[in-house]
file my_file_37.txt (compact mmCIF, C-alpha atoms)
# COMPACT_ATOMS: atom_id res chain seq x y z
CA MET A 283 -30.58 19.43 11.84
CA SER A 284 -31.08 22.59 9.85
CA ARG A 285 -28.46 23.83 7.40
CA ARG A 286 -27.74 26.86 9.57
CA LEU A 287 -27.11 24.75 12.67
CA ARG A 288 -24.88 22.39 10.71
CA MET A 289 -22.77 25.30 9.49
CA TRP A 290 -22.40 26.50 13.08
CA VAL A 291 -21.29 23.05 14.26
CA LEU A 292 -18.82 22.91 11.37
CA ALA A 293 -17.49 26.39 12.17
CA VAL A 294 -17.01 25.58 15.88
CA GLY A 295 -15.25 22.31 15.06
CA GLY A 296 -13.07 23.92 12.38
CA LEU A 297 -12.06 26.82 14.62
CA GLY A 298 -11.23 24.40 17.45
CA VAL A 299 -8.98 22.31 15.22
CA ALA A 300 -7.34 25.45 13.80
CA ALA A 301 -6.65 26.84 17.29
CA LEU A 302 -5.16 23.53 18.50
CA LEU A 303 -3.03 23.18 15.35
CA ALA A 304 -1.71 26.73 15.68
CA ALA A 305 -0.93 26.21 19.38
CA ALA A 306 0.88 22.95 18.63
CA ALA A 307 2.81 24.39 15.66
CA LEU A 308 4.10 27.30 17.76
CA ARG A 309 5.71 24.90 20.23
CA LEU A 310 7.34 22.64 17.64
CA PRO A 311 11.14 22.42 17.73
CA GLY A 312 12.87 24.22 14.83
CA PHE A 313 13.16 22.55 11.41
CA GLY A 314 16.16 20.21 11.10
CA GLY A 315 17.78 20.93 14.49
CA ASP A 316 20.50 18.87 16.20
CA ASP A 317 18.43 17.69 19.16
CA HIS A 318 16.49 14.46 18.50
CA PRO A 319 15.78 12.84 21.88
CA TYR A 320 13.44 10.16 20.49
CA GLY A 321 15.67 9.38 17.51
CA GLU A 322 18.75 8.93 19.69
CA ARG A 323 16.98 6.53 22.05
CA ALA A 324 15.50 4.56 19.13
CA VAL A 325 18.92 4.18 17.46
CA GLU A 326 20.47 3.10 20.75
CA ALA A 327 17.80 0.45 21.36
CA SER A 328 18.07 -0.72 17.75
CA LEU A 329 21.88 -1.10 17.93
CA ALA A 330 21.59 -2.99 21.23
CA ARG A 331 19.48 -5.61 19.40
CA ARG A 332 21.83 -5.52 16.36
CA THR A 333 19.16 -4.33 13.91
CA SER A 334 20.86 -2.05 11.40
CA ASN A 335 17.66 -0.47 10.04
CA THR A 336 16.36 1.51 13.01
CA ILE A 337 12.96 1.94 11.35
CA ALA A 338 12.59 -1.86 11.20
CA SER A 339 13.59 -2.03 14.86
CA VAL A 340 10.91 0.54 15.74
CA ASN A 341 8.27 -1.23 13.62
CA PHE A 342 8.96 -4.85 14.57
CA ASP A 343 10.63 -4.63 17.99
CA GLN A 344 10.07 -1.40 19.95
CA ARG A 345 6.56 -0.85 18.54
CA ALA A 346 5.75 -4.37 17.32
CA PHE A 347 2.27 -4.20 18.85
CA ASP A 348 1.44 -1.08 16.78
CA THR A 349 2.47 -2.95 13.64
CA LEU A 350 0.16 -5.83 14.60
CA GLY A 351 -2.66 -3.27 14.67
CA GLU A 352 -1.70 -1.88 11.26
CA GLU A 353 -1.40 -5.32 9.73
CA THR A 354 -4.82 -6.22 11.13
CA ILE A 355 -6.34 -3.03 9.67
CA LEU A 356 -5.18 -4.08 6.19
CA PHE A 357 -6.41 -7.64 6.78
CA ALA A 358 -9.85 -6.41 7.89
CA ALA A 359 -10.08 -3.85 5.08
CA VAL A 360 -9.35 -6.48 2.43
CA LEU A 361 -11.84 -8.85 4.08
CA GLY A 362 -14.45 -6.09 3.88
CA THR A 363 -13.65 -5.51 0.20
CA VAL A 364 -14.01 -9.22 -0.54
CA VAL A 365 -17.47 -9.22 1.06
CA LEU A 366 -18.60 -5.96 -0.63
CA LEU A 367 -17.34 -6.81 -4.13
CA ARG A 368 -18.56 -10.42 -4.24
CA GLN A 369 -20.71 -11.53 -7.16
CA THR A 370 -24.32 -10.96 -6.13
CA ARG A 371 -27.37 -12.90 -7.32
CA ASP A 372 -28.32 -10.39 -10.03
CA GLU A 373 -24.84 -10.34 -11.50
CA ARG A 374 -23.13 -12.79 -13.79
CA GLN A 375 -19.63 -13.52 -14.94
CA VAL A 376 -18.56 -13.05 -18.55
CA ARG A 377 -15.31 -14.29 -20.06
CA PRO A 378 -13.30 -11.23 -21.04
CA ALA A 379 -12.31 -11.28 -24.72
CA PRO A 380 -8.55 -11.34 -25.38
CA GLU A 381 -7.34 -7.82 -26.11
CA ARG A 382 -4.70 -6.65 -28.54
CA VAL A 383 -1.65 -5.23 -26.79
CA ALA A 384 0.76 -2.88 -28.56
CA ALA A 385 4.14 -4.60 -29.04
CA PRO A 386 6.24 -2.03 -27.12
CA VAL A 387 3.85 -2.19 -24.14
CA ARG A 388 4.02 -5.99 -24.18
CA ARG A 389 7.83 -5.99 -24.35
CA TYR A 390 8.13 -3.40 -21.58
CA ALA A 391 5.73 -5.23 -19.27
CA LEU A 392 7.35 -8.63 -19.80
CA VAL A 393 10.87 -7.24 -19.21
CA MET A 394 9.81 -5.24 -16.15
CA LEU A 395 7.80 -8.04 -14.51
CA PRO A 396 10.75 -10.17 -13.27
CA VAL A 397 12.78 -7.05 -12.41
CA ALA A 398 9.94 -5.57 -10.32
CA LEU A 399 9.21 -8.93 -8.70
CA LEU A 400 12.85 -9.41 -7.72
CA THR A 401 13.07 -5.82 -6.43
CA GLY A 402 10.01 -6.41 -4.25
CA LEU A 403 11.40 -9.66 -2.83
CA TYR A 404 14.76 -7.95 -2.19
CA VAL A 405 13.05 -5.09 -0.36
CA ILE A 406 11.17 -7.59 1.85
CA ALA A 407 14.24 -9.74 2.55
CA HIS A 408 16.46 -6.77 3.46
CA GLY A 409 13.86 -4.92 5.54
CA GLN A 410 15.91 -5.33 8.73
CA LEU A 411 19.08 -4.02 7.04
CA SER A 412 18.17 -1.20 4.65
CA PRO A 413 15.19 1.08 3.96
CA GLY A 414 12.08 -0.86 3.05
CA GLY A 415 10.54 -3.92 4.59
CA GLY A 416 7.54 -6.20 4.48
CA PHE A 417 4.95 -3.55 3.70
CA GLN A 418 6.81 -1.73 0.91
CA GLY A 419 8.17 -4.91 -0.67
CA GLY A 420 4.81 -6.66 -0.37
CA VAL A 421 3.05 -3.93 -2.34
CA VAL A 422 5.80 -4.00 -4.99
CA VAL A 423 5.56 -7.80 -5.37
CA ALA A 424 1.77 -7.68 -5.66
CA THR A 425 1.68 -4.83 -8.19
CA ALA A 426 4.55 -6.41 -10.18
CA LEU A 427 2.41 -9.49 -10.88
CA HIS A 428 -0.21 -7.22 -12.46
CA LEU A 429 2.23 -6.15 -15.17
CA LEU A 430 1.06 -9.40 -16.79
CA TYR A 431 -2.42 -7.86 -17.10
CA ILE A 432 -0.90 -4.85 -18.88
CA GLY A 433 1.45 -6.91 -21.06
CA ALA A 434 -0.89 -9.77 -21.93
CA ASP A 435 -4.51 -9.96 -20.76
CA TYR A 436 -6.67 -10.83 -17.80
CA ARG A 437 -6.77 -14.54 -18.58
CA ALA A 438 -2.97 -14.76 -18.50
CA LEU A 439 -2.96 -13.06 -15.11
CA GLU A 440 -5.66 -15.39 -13.78
CA ARG A 441 -3.57 -18.40 -14.76
CA ILE A 442 -0.64 -17.42 -12.49
CA ARG A 443 -2.84 -16.04 -9.74
CA PRO A 444 -5.08 -18.59 -8.03
CA VAL A 445 -6.92 -16.17 -5.70
CA GLY A 446 -7.79 -18.90 -3.18
CA LEU A 447 -4.12 -19.56 -2.55
CA TYR A 448 -3.43 -15.87 -1.95
CA GLU A 449 -6.36 -15.68 0.46
CA VAL A 450 -4.78 -18.51 2.46
CA GLY A 451 -1.43 -16.68 2.31
CA ASP A 452 -3.05 -13.49 3.58
CA ALA A 453 -4.48 -15.30 6.61
CA ALA A 454 -1.25 -17.28 7.17
CA GLY A 455 0.83 -14.06 7.24
CA GLU A 456 -1.52 -12.50 9.76
CA ALA A 457 -1.51 -15.68 11.87
CA ALA A 458 2.29 -15.98 11.72
CA TYR A 459 2.65 -12.52 13.28
CA LEU A 460 0.27 -13.45 16.11
CA ILE A 461 1.97 -16.82 16.66
CA LEU A 462 5.39 -15.15 16.85
CA GLY A 463 3.90 -12.76 19.42
CA VAL A 464 2.55 -15.62 21.52
CA ALA A 465 5.88 -17.44 21.17
CA GLY A 466 7.53 -14.40 22.76
CA LEU A 467 5.02 -14.68 25.60
CA VAL A 468 5.50 -18.42 26.13
CA GLY A 469 9.26 -18.76 25.56
CA GLY A 470 10.48 -15.36 26.66
CA SER A 471 8.94 -12.58 28.63
CA ALA A 472 6.04 -10.74 27.00
CA PHE A 473 3.77 -10.68 23.94
CA LEU A 474 5.86 -9.81 20.86
CA ALA A 475 8.97 -9.29 23.02
CA ASN A 476 12.19 -9.71 21.04
CA THR A 477 13.89 -11.97 23.58
CA LEU A 478 13.32 -15.34 21.93
CA LEU A 479 16.12 -15.64 19.39
CA PRO A 480 19.83 -14.75 19.44
CA TYR A 481 20.45 -11.30 17.96
CA GLY A 482 23.10 -12.54 15.52
CA THR A 483 25.81 -10.52 13.78
CA PHE A 484 25.15 -6.86 13.02
CA ASN A 485 24.25 -6.12 9.38
CA THR A 486 23.64 -9.73 8.29
CA LEU A 487 20.31 -11.12 7.01
CA ALA A 488 19.62 -13.15 10.16
CA SER A 489 20.39 -10.34 12.64
CA GLY A 490 17.91 -8.67 14.95
CA GLY A 491 16.22 -11.64 16.68
CA THR A 492 12.55 -11.90 15.69
CA VAL A 493 12.64 -8.71 13.54
CA PRO A 494 13.33 -10.53 10.21
CA LEU A 495 10.63 -13.12 10.97
CA LEU A 496 7.97 -10.52 11.80
CA ASN A 497 9.08 -8.55 8.73
CA ALA A 498 8.66 -11.63 6.53
CA ALA A 499 5.21 -12.33 8.02
CA VAL A 500 4.12 -8.78 7.19
CA GLY A 501 5.62 -9.10 3.70
CA MET A 502 3.61 -12.24 3.01
CA GLU A 503 0.42 -10.76 4.44
CA VAL A 504 0.70 -7.49 2.50
CA ALA A 505 1.65 -9.11 -0.83
CA CYS A 506 -1.25 -11.59 -0.62
CA ALA A 507 -3.72 -8.98 0.68
CA VAL A 508 -2.97 -6.56 -2.19
CA VAL A 509 -3.26 -9.37 -4.76
CA VAL A 510 -6.67 -10.36 -3.32
CA LEU A 511 -7.77 -6.70 -3.20
CA LEU A 512 -6.78 -6.07 -6.82
CA ALA A 513 -8.34 -9.39 -7.88
CA ARG A 514 -11.72 -8.26 -6.50
CA PHE A 515 -11.44 -4.89 -8.26
CA LEU A 516 -10.33 -6.56 -11.51
CA ASP A 517 -13.20 -9.07 -11.35
CA GLN A 518 -15.64 -6.18 -11.01
CA ALA A 519 -13.99 -4.13 -13.75
CA VAL A 520 -13.49 -6.92 -16.28
CA GLU A 521 -15.69 -9.96 -15.60
CA ILE A 522 -18.76 -9.27 -13.50
CA GLU A 523 -21.73 -7.49 -14.99
CA ARG A 524 -25.36 -7.00 -14.05
CA SER A 525 -27.61 -9.57 -15.70
CA THR A 526 -30.78 -7.65 -16.50
CA GLY A 527 -31.73 -10.24 -19.09
CA SER A 528 -32.03 -7.84 -22.03
CA GLY A 529 -30.87 -8.92 -25.48
CA ASN A 530 -27.83 -6.71 -25.34
CA ASP A 531 -25.89 -8.65 -22.74
CA ARG A 532 -22.65 -9.03 -24.61
CA GLY A 533 -21.87 -5.36 -24.17
CA GLU A 534 -18.24 -5.01 -25.11
CA MET B 32 22.19 22.84 -0.98
CA ALA B 33 19.91 20.58 1.03
CA ASP B 34 17.56 23.50 1.67
CA VAL B 35 17.30 24.24 -2.06
CA LEU B 36 16.38 20.61 -2.70
CA THR B 37 13.77 20.68 0.07
CA VAL B 38 12.17 23.85 -1.31
CA LEU B 39 12.19 22.40 -4.86
CA ALA B 40 10.59 19.15 -3.68
CA LEU B 41 7.96 21.09 -1.70
CA LEU B 42 7.14 23.20 -4.78
CA LEU B 43 6.88 20.05 -6.91
CA VAL B 44 4.42 18.55 -4.39
CA ALA B 45 2.37 21.78 -4.33
CA VAL B 46 2.16 21.89 -8.14
CA ALA B 47 1.29 18.19 -8.47
CA ALA B 48 -1.32 18.38 -5.70
CA THR B 49 -2.95 21.46 -7.25
CA ALA B 50 -2.99 19.72 -10.64
CA ALA B 51 -4.61 16.63 -9.08
CA VAL B 52 -7.45 18.82 -7.79
CA ALA B 53 -7.74 20.93 -10.97
CA VAL B 54 -7.99 17.96 -13.37
CA ARG B 55 -11.64 16.89 -13.43
CA ASP B 56 -11.58 13.67 -15.47
CA PRO B 57 -11.15 10.76 -13.00
CA ALA B 58 -8.96 8.68 -15.35
CA ARG B 59 -6.53 11.58 -15.84
CA GLN B 60 -6.76 12.37 -12.15
CA ALA B 61 -5.44 8.88 -11.40
CA LEU B 62 -2.36 9.58 -13.54
CA VAL B 63 -1.77 12.98 -11.92
CA LEU B 64 -2.13 11.24 -8.55
CA ALA B 65 0.68 8.87 -9.57
CA VAL B 66 2.88 11.90 -10.34
CA LEU B 67 1.92 13.40 -6.96
CA GLY B 68 2.97 10.12 -5.31
CA LEU B 69 6.34 10.38 -7.07
CA ALA B 70 6.77 14.02 -5.96
CA LEU B 71 5.97 13.07 -2.35
CA ALA B 72 8.47 10.19 -2.56
CA VAL B 73 11.14 12.67 -3.72
CA LEU B 74 10.24 15.00 -0.84
CA PHE B 75 10.47 12.22 1.75
CA THR B 76 13.83 11.09 0.34
CA VAL B 77 15.17 14.66 0.52
CA LEU B 78 13.96 14.84 4.15
CA GLN B 79 15.93 11.62 4.86
CA ALA B 80 12.91 9.32 5.29
CA PRO B 81 13.57 6.63 2.65
CA ASP B 82 11.30 4.08 4.36
CA VAL B 83 8.30 6.38 4.07
CA ALA B 84 9.35 7.32 0.52
CA LEU B 85 9.26 3.66 -0.52
CA SER B 86 5.78 3.19 0.98
CA GLN B 87 4.60 6.34 -0.77
CA LEU B 88 6.04 5.20 -4.08
CA ALA B 89 4.44 1.74 -3.89
CA VAL B 90 1.03 2.82 -2.62
CA GLY B 91 0.67 6.36 -3.97
CA SER B 92 2.16 5.87 -7.42
CA ALA B 93 1.12 2.31 -8.24
CA LEU B 94 -1.68 0.92 -6.08
CA THR B 95 -4.03 3.90 -5.61
CA PRO B 96 -4.05 4.99 -9.30
CA LEU B 97 -4.62 1.36 -10.32
CA LEU B 98 -7.62 1.02 -7.97
CA ILE B 99 -9.05 4.33 -9.26
CA LEU B 100 -8.59 3.32 -12.91
CA LEU B 101 -10.29 -0.04 -12.28
CA SER B 102 -13.22 1.70 -10.54
CA VAL B 103 -13.53 4.17 -13.45
CA ARG B 104 -13.57 1.28 -15.91
CA LYS B 105 -16.31 -0.50 -13.95
CA VAL B 106 -18.48 2.65 -13.76
CA ARG B 107 -18.01 3.46 -17.48
CA ARG B 108 -18.75 -0.13 -18.50
CA ARG B 109 -22.00 -0.09 -16.58
CA GLY B 110 -22.93 3.28 -18.11
CA GLN B 111 -22.22 1.99 -21.62
CA ARG B 112 -24.33 -1.12 -21.13
CA GLU B 113 -27.29 0.80 -19.78
CA ASP B 114 -27.11 3.28 -22.65
CA GLY B 115 -26.86 0.41 -25.15
CA GLY B 116 -29.84 -1.42 -23.64
CA ARG B 117 -32.21 1.47 -24.17

call {"tool": "encode", "arguments": {"input": "my_file_37.txt", "output": "structure tokens"}}
result
Amino acid sequence: MSRRLRMWVLAVGGLGVAALLAAAALRLPGFGGDDHPYGERAVEASLARRTSNTIASVNFDQRAFDTLGEETILFAAVLGTVVLLRQTRDERQVRPAPERVAAPVRRYALVMLPVALLTGLYVIAHGQLSPGGGFQGGVVVATALHLLYIGADYRALERIRPVGLYEVGDAAGEAAYLILGVAGLVGGSAFLANTLLPYGTFNTLASGGTVPLLNAAVGMEVACAVVVLLARFLDQAVEIERSTGSGNDRGE
Amino acid sequence: MADVLTVLALLLVAVAATAAVAVRDPARQALVLAVLGLALAVLFTVLQAPDVALSQLAVGSALTPLLILLSVRKVRRRGQREDGGR
């Protein structure tokens, strides 16, 4: 395809998108109005199942199948990263040398680590009650662990982070979501239907039927997936290097 | 009052996003991206979407900059070694 033709294709596509966007924007309801037909129905459905965080009700009850898709995207993306960033035959692993860490950085990281970890676990556990949930809390938990890399060094992080275990956790979280979906099919009415468990008391940890369980499954999957993802990136950045066999292999 | 906050948050996002494009060094870009994530989280909170704000904070301000910094380190390390080998 010549450059000229490509520019024409780009122009036609761009103009088409611009026209559609403009047409859609003109018919949008006004900013911040009083009429929210979807929101009102979602809140009503969420209150009927005694889930106090409507967003959690949308994610894990009304649109639970969408969330399965999103969870699977993350699972597949991390799987792809693991395959792409594996140690190839012409690469070798070097032990990273311990690094000096400035005392204030070390203190800050070691104080923040438990606080961040607890915050992440809280956000996962209260996903059905207050803003947050498995995805947000999972990312916080996973990144919190990496404060150890900032405060100490990579070897200290590796000691508390057996990657194999987190890979199993990643798969177990994904499987738990599917199994809960099938349980809805077998014991109740439909795949991922929230008809299996009693809905409990409004605004308590165990309320909302299967919502807290699905939320916890996503939390486990996301936390483990992000740890595995970062482990592959860290391995590449710190440990793995190309072994060309020259005399200058020690590099750093 | 709420409108003023919305406009301020939008301006903050516009400034941070422009800075993220204008800064050319990838390592610094990662840090500006973290600030942009924070600005977006503020915007989402002002627009009463705390769930989205939390996601934005965790992914945009912590995870993405970390992945970029690690990639930069890998690329620089390889460059250093190849220069040293010659």

call {"tool": "atom_distance", "arguments": {"input": "my_file_37.txt", "atom1": "atom CA of A:Gly295", "atom2": "atom CA of A:Leu308"}}
result
20.2 Å

call {"tool": "closest_residue", "arguments": {"input": "my_file_37.txt", "among": "B:Val66, B:Val103, B:Val52, B:Leu94", "to": "A:Leu511", "atoms": "only C-alpha atoms"}}
result
B:Leu94

call {"tool": "residues_around", "arguments": {"input": "my_file_37.txt", "residues": "B:Phe75", "least_positions_apart": "6", "cutoff": "10 Å", "atoms": "all atoms listed in the file", "output": "number ranges by chain"}}
result
B: 37, 40-41, 69, 81-85, 87

call {"tool": "residues_around", "arguments": {"input": "my_file_37.txt", "residues": "stretch 466-482 of chain A", "least_positions_apart": "3", "cutoff": "8 Å", "atoms": "all atoms listed in the file", "output": "PyMOL selection string"}}
result
chain A and resi 331-332+343+346-347+462-463+486+488-493

call {"tool": "atom_distance", "arguments": {"input": "my_file_37.txt", "atom1": "atom CA of A:Asp372", "atom2": "atom CA of A:Ser525"}}
result
5.8 Å

call {"tool": "interface_residues", "arguments": {"input": "my_file_37.txt", "of": "chain A", "to": "chain B", "cutoff": "10 Å", "atoms": "all atoms listed in the file", "output": "VMD selection string"}}
result
chain A and resid 314 335 337 to 338 402 405 409 412 to 415 417 to 426 428 508 511 to 512 515 to 524 526 528 to 534

call {"tool": "residues_around", "arguments": {"input": "my_file_37.txt", "residues": "A:Arg323", "least_positions_apart": "5", "cutoff": "12 Å", "atoms": "all atoms listed in the file", "output": "list of chain:residue names"}}
result
A:Asp317, A:His318, A:Ser328, A:Leu329, A:Ala330, A:Thr336, A:Ser339, A:Val340, A:Gln344

call {"tool": "atom_distance", "arguments": {"input": "my_file_37.txt", "atom1": "atom CA of A:Arg288", "atom2": "atom CA of A:Ala305"}}
result
25.8 Å

call {"tool": "closest_residue", "arguments": {"input": "my_file_37.txt", "among": "A:Ala458, A:Leu367, A:Val387, A:Ala453", "to": "A:Ala498", "atoms": "only C-alpha atoms"}}
result
A:Ala458

call {"tool": "residues_around", "arguments": {"input": "my_file_37.txt", "residues": "stretch 430-445 of chain A", "least_positions_apart": "5", "cutoff": "10 Å", "atoms": "all atoms listed in the file", "output": "PyMOL selection string"}}
result
chain A and resi 377-395+425+450-451+506+509-511+513-514+516-517+520-521
